[in-house]
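Each remark here refers to the structure printed beneath this line.
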Amino acid sequence: MANTVFANKVIEAKAQDLLTTAVNTRSLMAIDNSLAQEAGMTKTINVYTYTGEAEELGVGEGNTSRGAISYKGTDYTVKMVQQAFDYADEDFMKDNTIVDMGVKGATQVMTNKMAADFYAEAAKATLSQEGGVSYDNIVDAIAKLNVEDESALFVVITPAQKAAIRKDADYVAARMGEVVYNGQIGTIAGLPVIVSKAADNAYVMSKDAVKLFIKKDVEVEQERDADTRTNSIYLRAAYIVALVDATKICKIVG
């Protein structure tokens, strides 16, 4: 696809925002930079569960039972996400912001892909709370996660669900009417609330639920055809997004 180039005038740069959501879903996932596999290769992710009880023993006594480790392995194919765009020397001479705008647009499109993968993995949550998004159901979803330390938990909701929360009588009462005046969500039951246009459901979760395995940050490569004075820029990243701990996420449905 050819670039649209402005006339040779004084130019005011304006980048079109291509983000599906302003929420950076990388901040909602655990990040593992040790991915060694190449695109197309398979990585098996094992989720381990340890069962057992600690015993108080007297002198000369041994354990009467032993712990056990079980696991379930899931195979994931390493994905390579890439964007490429071209520009001519003449394009750059007319508008020297064209490269910056191309990189910005390509990076945003790649970010959209990772966001879509994050919500696809979140949708695999096995814990669920029926009844739709409300103050009471969020509290019940927190209880289903059965964690003592709730400081790492957060709530993800859609814009439509945000409207429902603002009208929820229990939430308004819990905030003593503050929401009526400023219209902000802020926190629910002590948990920060993240509103994302890319979300398809509401979730109560922690970053430990979904993990991004990535080989490196976005790799940039350039090449130039001296004959035609055409320049090409490639941006790519090899990664996997996987649900790794289903006990750390609860979907709110209905």
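Here's how to read the names in the structure tokens: chain A, B, ... by the order shown, residue numbers from 1 in each chain, ligand numbers from 1 in the order shown.
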Residues near Thr230 of chain A, cut-off 10 Å, only C-alpha atoms, skip fewer than 2 positions along chain, as a PyMOL selection string:
chain A and resi 86-91+223-228+232
Write a file of the just-selected residues containing C-alpha atoms, as a PDB file, in the first residue's frame.
ATOM      1  CA  ASP A  86       8.046   1.385   3.285  1.00  0.00           C
ATOM      2  CA  TYR A  87       8.855   4.986   2.506  1.00  0.00           C
ATOM      3  CA  ALA A  88      10.848   6.731  -0.192  1.00  0.00           C
ATOM      4  CA  ASP A  89      13.623   9.270   0.312  1.00  0.00           C
ATOM      5  CA  GLU A  90      11.348  11.823  -1.327  1.00  0.00           C
ATOM      6  CA  ASP A  91       8.631  11.073   1.240  1.00  0.00           C
ATOM      7  CA  GLU A 223      16.786  -2.199   4.816  1.00  0.00           C
ATOM      8  CA  ARG A 224      17.239   0.103   1.851  1.00  0.00           C
ATOM      9  CA  ASP A 225      17.055  -0.290  -1.909  1.00  0.00           C
ATOM     10  CA  ALA A 226      19.593   2.238  -3.152  1.00  0.00           C
ATOM     11  CA  ASP A 227      18.388   1.947  -6.754  1.00  0.00           C
ATOM     12  CA  THR A 228      14.802   2.972  -6.041  1.00  0.00           C
ATOM     13  CA  SER A 232      11.763  -0.536   4.634  1.00  0.00           C
TER      14      SER A 232
END
Write out as number ranges by chain all residues of segment 61-253 of chain A that DSSP puts in helix (DSSP H, G or I) for this structure's backbone.
A: 89-94, 98-122, 135-145, 159-167, 169-174, 178-182, 246-248
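When only C-alpha atoms are used to compute distances to Thr74 of chain A, the closest of the residues A:Gly62, A:Leu28, A:Pro192, A:Ala242 turns out to be A:Ala242.
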Name all residues at most 12 Å from Ile233 of chain A (count only C-alpha atoms; drop same-chain ones fewer than 5 positions away) and give them as a VMD selection string.
chain A and resid 82 to 88 98 to 100 102 to 104 106 to 107 219 to 225
Would you mind reading off the distance between atom CA of Glu130 of chain A and atom CA of Gly254 of chain A, one decimal, in Å?
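Taking atom CA of Glu130 of chain A as the start and atom CA of Gly254 of chain A as the end point, the length is 5.7 Å.
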Shell of 8 Å around Gly67 of chain A, only C-alpha atoms, local chain residues under 3 positions omitted, as a PDB file with N, CA and C atoms, in the first residue's frame:
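Saved to around05.pdb:
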ATOM      1  N   TYR A  50       0.522 -28.602  44.267  1.00  0.00           N
ATOM      2  CA  TYR A  50       1.107 -29.415  45.338  1.00  0.00           C
ATOM      3  C   TYR A  50       0.048 -29.671  46.400  1.00  0.00           C
ATOM      4  N   THR A  51      -0.087 -30.919  46.807  1.00  0.00           N
ATOM      5  CA  THR A  51      -1.016 -31.268  47.875  1.00  0.00           C
ATOM      6  C   THR A  51      -0.246 -31.984  48.972  1.00  0.00           C
ATOM      7  N   GLY A  52      -0.616 -31.713  50.206  1.00  0.00           N
ATOM      8  CA  GLY A  52       0.058 -32.357  51.324  1.00  0.00           C
ATOM      9  C   GLY A  52      -0.182 -31.576  52.597  1.00  0.00           C
ATOM     10  N   GLU A  53       0.133 -32.199  53.716  1.00  0.00           N
ATOM     11  CA  GLU A  53      -0.040 -31.558  55.010  1.00  0.00           C
ATOM     12  C   GLU A  53       1.255 -31.641  55.805  1.00  0.00           C
TER      13      GLU A  53
END
Can you tell me, as a PyMOL selection string, what residues are no more than 10 Å from segment 117-122 of chain A when counting only C-alpha atoms, ignoring any on the same chain fewer than 4 positions away?
chain A and resi 25-26+28-29+111-113+126+198-203+205+209-212+240-244+246+249-251
Output file for the selection above: C-alpha atoms, as a PDB file, in the first residue's frame:
ATOM      1  CA  THR A  25      -2.407  -5.141  28.889  1.00  0.00           C
ATOM      2  CA  ARG A  26       1.285  -5.916  29.476  1.00  0.00           C
ATOM      3  CA  LEU A  28      -1.946  -6.789  33.629  1.00  0.00           C
ATOM      4  CA  MET A  29       0.273  -9.828  32.991  1.00  0.00           C
ATOM      5  CA  THR A 111      -0.100  -3.909  20.797  1.00  0.00           C
ATOM      6  CA  ASN A 112      -3.692  -4.553  19.724  1.00  0.00           C
ATOM      7  CA  LYS A 113      -2.733  -8.141  18.837  1.00  0.00           C
ATOM      8  CA  THR A 126     -12.458 -21.798  35.161  1.00  0.00           C
ATOM      9  CA  ALA A 198     -10.963  -4.578  24.452  1.00  0.00           C
ATOM     10  CA  ALA A 199     -12.430  -6.594  27.343  1.00  0.00           C
ATOM     11  CA  ASP A 200     -15.319  -8.948  26.589  1.00  0.00           C
ATOM     12  CA  ASN A 201     -16.123  -9.869  30.192  1.00  0.00           C
ATOM     13  CA  ALA A 202     -15.493  -8.658  33.703  1.00  0.00           C
ATOM     14  CA  TYR A 203     -12.681 -10.309  35.637  1.00  0.00           C
ATOM     15  CA  MET A 205      -7.719 -11.311  38.853  1.00  0.00           C
ATOM     16  CA  ALA A 209      -3.101 -15.460  36.205  1.00  0.00           C
ATOM     17  CA  VAL A 210      -1.867 -14.698  32.677  1.00  0.00           C
ATOM     18  CA  LYS A 211       1.764 -14.586  31.625  1.00  0.00           C
ATOM     19  CA  LEU A 212       3.455 -13.050  28.592  1.00  0.00           C
ATOM     20  CA  ILE A 240       3.188 -16.434  23.821  1.00  0.00           C
ATOM     21  CA  VAL A 241       0.343 -15.272  26.024  1.00  0.00           C
ATOM     22  CA  ALA A 242      -0.881 -18.055  28.315  1.00  0.00           C
ATOM     23  CA  LEU A 243      -3.244 -18.598  31.214  1.00  0.00           C
ATOM     24  CA  VAL A 244      -0.854 -20.106  33.759  1.00  0.00           C
ATOM     25  CA  ALA A 246      -6.540 -20.389  36.881  1.00  0.00           C
ATOM     26  CA  ILE A 249      -8.773 -15.187  37.997  1.00  0.00           C
ATOM     27  CA  CYS A 250     -12.565 -15.258  38.271  1.00  0.00           C
ATOM     28  CA  LYS A 251     -14.852 -14.340  35.377  1.00  0.00           C
TER      29      LYS A 251
END
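Of the residues under consideration (A:Lys167, A:Lys216, A:Lys162, A:Lys207), A:Lys162 shows the shortest atom-to-atom contact distance to Ile194 of chain A when counting only C-alpha atoms.
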Segment 134-139 of chain A surroundings by only C-alpha atoms, 7 Å radius, close-in-sequence under 3 positions cut, as a VMD selection string:
chain A and resid 129 131 142 to 143 165 168 170 to 171 189
Writer output for current selection, N, CA and C atoms, as a short mmCIF file (atom, residue, chain, number, x, y, z; two decimals), in the first residue's frame:
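Saved file out31.cif follows:
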data_model
loop_
_atom_site.label_atom_id
_atom_site.label_comp_id
_atom_site.auth_asym_id
_atom_site.auth_seq_id
_atom_site.Cartn_x
_atom_site.Cartn_y
_atom_site.Cartn_z
N GLN A 129 -18.40 -16.24 38.38
CA GLN A 129 -19.45 -15.72 39.26
C GLN A 129 -20.62 -15.30 38.39
N GLY A 131 -24.47 -13.74 37.46
CA GLY A 131 -25.33 -12.64 37.88
C GLY A 131 -24.96 -11.28 37.37
N ILE A 142 -14.22 -12.15 44.48
CA ILE A 142 -12.99 -12.05 45.29
C ILE A 142 -12.91 -13.24 46.24
N ALA A 143 -14.04 -13.58 46.87
CA ALA A 143 -14.07 -14.70 47.82
C ALA A 143 -13.72 -16.01 47.13
N ILE A 165 -22.12 -0.28 36.95
CA ILE A 165 -21.57 -0.11 38.30
C ILE A 165 -21.94 1.26 38.86
N ASP A 168 -25.23 1.06 40.37
CA ASP A 168 -25.46 0.01 41.37
C ASP A 168 -25.65 0.63 42.75
N ASP A 170 -25.66 -0.63 45.74
CA ASP A 170 -24.71 -1.05 46.77
C ASP A 170 -23.39 -0.31 46.62
N TYR A 171 -22.96 -0.08 45.35
CA TYR A 171 -21.71 0.63 45.13
C TYR A 171 -21.84 2.09 45.55
N ALA A 189 -14.73 -2.48 46.38
CA ALA A 189 -14.37 -3.39 47.46
C ALA A 189 -12.86 -3.35 47.74
#
With DSSP run on the backbone, what are the strand (DSSP E) residues within segment 19-245 of chain A? I'd like them as a PyMOL selection string.
chain A and resi 30-32+42-51+68-77+79-88+127-129+154-157+187-188+191-195+202-205+210-214+219-225+230-243
If you measure from atom CA of Val253 of chain A to atom CA of Leu191 of chain A, what distance in Å do you get, rounded to one decimal?
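Separation of atom CA of Val253 of chain A and atom CA of Leu191 of chain A: 18.6 Å.
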Would you list the contacts of Val147 of chain A as a list in words, taking every protein, DNA or RNA residue within 12 Å and counting only C-alpha atoms, but skipping same-chain residues closer than 6 positions in sequence?
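In the requested form, the answer reads Ala141, Leu153, Val204, Met205, Ser206, Thr247, Lys248 and Ile249 of chain A.
Candidate residues A:Leu127, A:Leu235, A:Ile31, A:Val155 were compared for distance to Gly186 of chain A, and the nearest is A:Val155, using only C-alpha atoms.
Closest approach to Asp140 of chain A among A:Ile69, A:Ile252, A:Val47, A:Ala163: A:Ile252, based on only C-alpha atoms.
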Smallest atom-to-atom distance to Lys197 of chain A: which of A:Val133, A:Ala115, A:Ala173, A:Ala54, using only C-alpha atoms?
A:Ala115
How many Å separate atom CA of Ile157 of chain A from atom CA of Val81 of chain A?
26.6 Å
